[in-house]
$ cat target_12.csv   # CSV, C-alpha atoms
chain,number,residue,atom,x,y,z
Z,1,MET,CA,28.5,11.9,-30.5
Z,2,ASN,CA,28.0,8.2,-30.6
Z,3,MET,CA,24.8,7.4,-28.8
Z,4,GLU,CA,22.7,4.3,-28.6
Z,5,SER,CA,18.9,4.7,-28.7
Z,6,PRO,CA,17.2,2.0,-26.6
Z,7,SER,CA,13.8,3.5,-27.4
Z,8,ALA,CA,12.3,6.0,-29.7
Z,9,GLY,CA,12.5,8.6,-27.0
Z,10,LEU,CA,16.0,8.8,-25.6
Z,11,ALA,CA,19.5,8.3,-26.9
Z,12,VAL,CA,21.9,7.0,-24.3
Z,13,GLN,CA,25.7,7.3,-24.0
Z,14,GLU,CA,27.6,5.6,-21.2
Z,15,LEU,CA,31.0,6.8,-20.2
Z,16,GLU,CA,33.3,5.0,-17.7
Z,17,ALA,CA,34.3,7.5,-14.9
Z,18,GLY,CA,36.6,5.4,-12.8
Z,19,PRO,CA,36.3,2.2,-10.9
Z,20,GLU,CA,32.6,1.2,-10.6
Z,21,GLN,CA,31.3,4.6,-11.7
Z,22,TRP,CA,29.6,5.6,-14.9
Z,23,ILE,CA,28.3,8.9,-16.4
Z,24,VAL,CA,25.3,8.3,-18.5
Z,25,LEU,CA,23.9,10.9,-20.9
Z,26,TYR,CA,20.2,10.7,-21.8
Z,27,VAL,CA,19.2,12.9,-24.7
Z,28,PRO,CA,15.6,13.1,-25.9
Z,29,ALA,CA,14.8,13.2,-29.6
Z,30,ASP,CA,14.9,16.7,-31.1
Z,31,THR,CA,11.3,17.4,-31.9
Z,32,GLY,CA,11.5,21.2,-31.7
Z,33,VAL,CA,8.5,21.3,-29.3
Z,34,GLU,CA,8.3,21.7,-25.5
Z,35,LEU,CA,9.8,18.8,-23.6
Z,36,ASP,CA,7.7,16.3,-21.6
Z,37,PRO,CA,9.5,15.7,-18.3
Z,38,SER,CA,7.2,12.9,-17.3
Z,39,SER,CA,8.1,10.7,-20.3
Z,40,ILE,CA,11.8,11.6,-20.1
Z,41,PHE,CA,12.1,10.7,-16.5
Z,42,ARG,CA,10.0,7.6,-16.9
Z,43,GLU,CA,12.5,6.2,-19.4
Z,44,ILE,CA,15.4,7.2,-17.2
Z,45,ALA,CA,13.7,5.4,-14.2
Z,46,GLU,CA,13.2,2.3,-16.3
Z,47,ASP,CA,16.9,2.3,-17.2
Z,48,ALA,CA,17.9,2.9,-13.6
Z,49,ALA,CA,15.7,0.0,-12.5
Z,50,LYS,CA,17.6,-2.3,-15.0
Z,51,ARG,CA,20.9,-1.0,-13.7
Z,52,ALA,CA,19.8,-1.6,-10.1
Z,53,ARG,CA,19.3,-5.3,-10.8
Z,54,ASP,CA,23.0,-5.3,-11.9
Z,55,GLY,CA,24.1,-3.6,-8.7
Z,56,GLN,CA,24.2,0.0,-9.8
Z,57,MET,CA,22.6,3.0,-8.1
Z,58,ILE,CA,22.1,6.7,-9.0
Z,59,ALA,CA,24.7,8.9,-7.2
Z,60,SER,CA,23.6,12.2,-8.8
Z,61,MET,CA,21.6,13.7,-11.6
Z,62,HIS,CA,21.7,17.0,-13.5
Z,63,SER,CA,20.0,18.5,-16.6
Z,64,MET,CA,21.8,20.5,-19.2
Z,65,PRO,CA,19.6,22.7,-21.3
Z,66,LEU,CA,20.7,22.7,-24.9
Z,67,ARG,CA,18.1,24.9,-26.6
Z,68,HIS,CA,15.5,27.4,-25.3
Z,69,ALA,CA,12.6,28.3,-27.5
Z,70,GLY,CA,11.8,32.0,-28.0
Z,71,VAL,CA,8.7,33.8,-27.0
Z,72,TYR,CA,5.7,33.4,-29.3
Z,73,VAL,CA,3.9,36.5,-30.5
Z,74,GLY,CA,1.1,37.4,-28.1
Z,75,ARG,CA,2.5,35.2,-25.3
Z,76,THR,CA,4.2,36.3,-22.2
Z,77,GLY,CA,7.0,34.5,-20.5
Z,78,SER,CA,10.4,33.3,-21.6
Z,79,GLY,CA,9.4,30.3,-23.8
Z,80,PHE,CA,10.3,26.7,-23.0
Z,81,GLU,CA,13.1,24.2,-23.3
Z,82,THR,CA,13.0,22.2,-26.6
Z,83,ARG,CA,16.3,20.4,-26.2
Z,84,VAL,CA,18.1,19.0,-23.1
Z,85,ALA,CA,20.6,16.4,-21.9
Z,86,ILE,CA,20.1,14.6,-18.6
Z,87,VAL,CA,23.3,13.5,-16.9
Z,88,VAL,CA,23.2,10.7,-14.4
Z,89,VAL,CA,26.1,9.4,-12.4
Z,90,TYR,CA,25.8,5.7,-11.4
Z,91,THR,CA,28.0,3.8,-8.9
Z,92,MET,CA,27.9,0.3,-7.5
Z,93,LYS,CA,25.8,-0.3,-4.4
Z,94,GLY,CA,27.6,-0.9,-1.2
$ encode --input "target_12.csv" --output "structure tokens"
Amino acid sequence: MNMESPSAGLAVQELEAGPEQWIVLYVPADTGVELDPSSIFREIAEDAAKRARDGQMIASMHSMPLRHAGVYVGRTGSGFETRVAIVVVYTMKG
């Protein structure tokens, strides 16, 4: 997968999806630890703000879990996500 990395945190791949519409994949670096939603969505919001200046707006968002960590010994629960892709569809305003 050919992805650009505008920052140390997220790799970004933009796919044209018809006239004035783009699917953008944001994939955080694979650190093997629990994901930090605040930092992930902060970077996406910064990119969306840049796109808004060019006339684009978010039409929809979705997250796709790529890896789920197992349960640690002595801990209850189902573990946590360690790998994810965020998919954002952008379209032109108006």
$ atom_distance --input "target_12.csv" --atom1 "CA of Ile40 (chain Z)" --atom2 "CA of Leu10 (chain Z)"
7.5 Å
$ closest_residue --input "target_12.csv" --among "Z:Pro28, Z:Gly18, Z:Pro37, Z:Gly55" --to "Val84 (chain Z)" --atoms "only C-alpha atoms"
Z:Pro28
$ atom_distance --input "target_12.csv" --atom1 "CA of Ala85 (chain Z)" --atom2 "CA of Glu46 (chain Z)"
16.9 Å
$ closest_residue --input "target_12.csv" --among "Z:Val24, Z:Leu35, Z:Leu66, Z:Ala17" --to "Ala48 (chain Z)" --atoms "all atoms listed in the file"
Z:Val24
$ closest_residue --input "target_12.csv" --among "Z:Ser38, Z:Thr91, Z:Thr31, Z:Thr82" --to "Asp54 (chain Z)" --atoms "all atoms listed in the file"
Z:Thr91
$ residues_near_point --input "target_12.csv" --point "(28.1, -3.2, -2.8)" --cutoff "10 Å" --atoms "all atoms listed in the file" --output "mmCIF file with C-alpha atoms, keeping the file's coordinate frame"
data_model
loop_
_atom_site.group_PDB
_atom_site.id
_atom_site.type_symbol
_atom_site.label_atom_id
_atom_site.label_comp_id
_atom_site.auth_asym_id
_atom_site.auth_seq_id
_atom_site.Cartn_x
_atom_site.Cartn_y
_atom_site.Cartn_z
ATOM 1 C CA GLY Z 55 24.100 -3.600 -8.700
ATOM 2 C CA GLN Z 56 24.200 0.000 -9.800
ATOM 3 C CA MET Z 57 22.600 3.000 -8.100
ATOM 4 C CA THR Z 91 28.000 3.800 -8.900
ATOM 5 C CA MET Z 92 27.900 0.300 -7.500
ATOM 6 C CA LYS Z 93 25.800 -0.300 -4.400
ATOM 7 C CA GLY Z 94 27.600 -0.900 -1.200
#
$ residues_near_point --input "target_12.csv" --point "(21.2, 10.0, -22.8)" --cutoff "10 Å" --atoms "only C-alpha atoms" --output "list of chain:residue names"
Z:Met3, Z:Glu4, Z:Ser5, Z:Pro6, Z:Gly9, Z:Leu10, Z:Ala11, Z:Val12, Z:Gln13, Z:Glu14, Z:Ile23, Z:Val24, Z:Leu25, Z:Tyr26, Z:Val27, Z:Pro28, Z:Ala29, Z:Ile40, Z:Ile44, Z:Val84, Z:Ala85, Z:Ile86, Z:Val87, Z:Val88
$ closest_residue --input "target_12.csv" --among "Z:Arg67, Z:Val89, Z:Asp47, Z:Ser60" --to "Asp30 (chain Z)" --atoms "only C-alpha atoms"
Z:Arg67
$ closest_residue --input "target_12.csv" --among "Z:Leu15, Z:Met61, Z:Ala49, Z:Val33" --to "Arg83 (chain Z)" --atoms "only C-alpha atoms"
Z:Val33
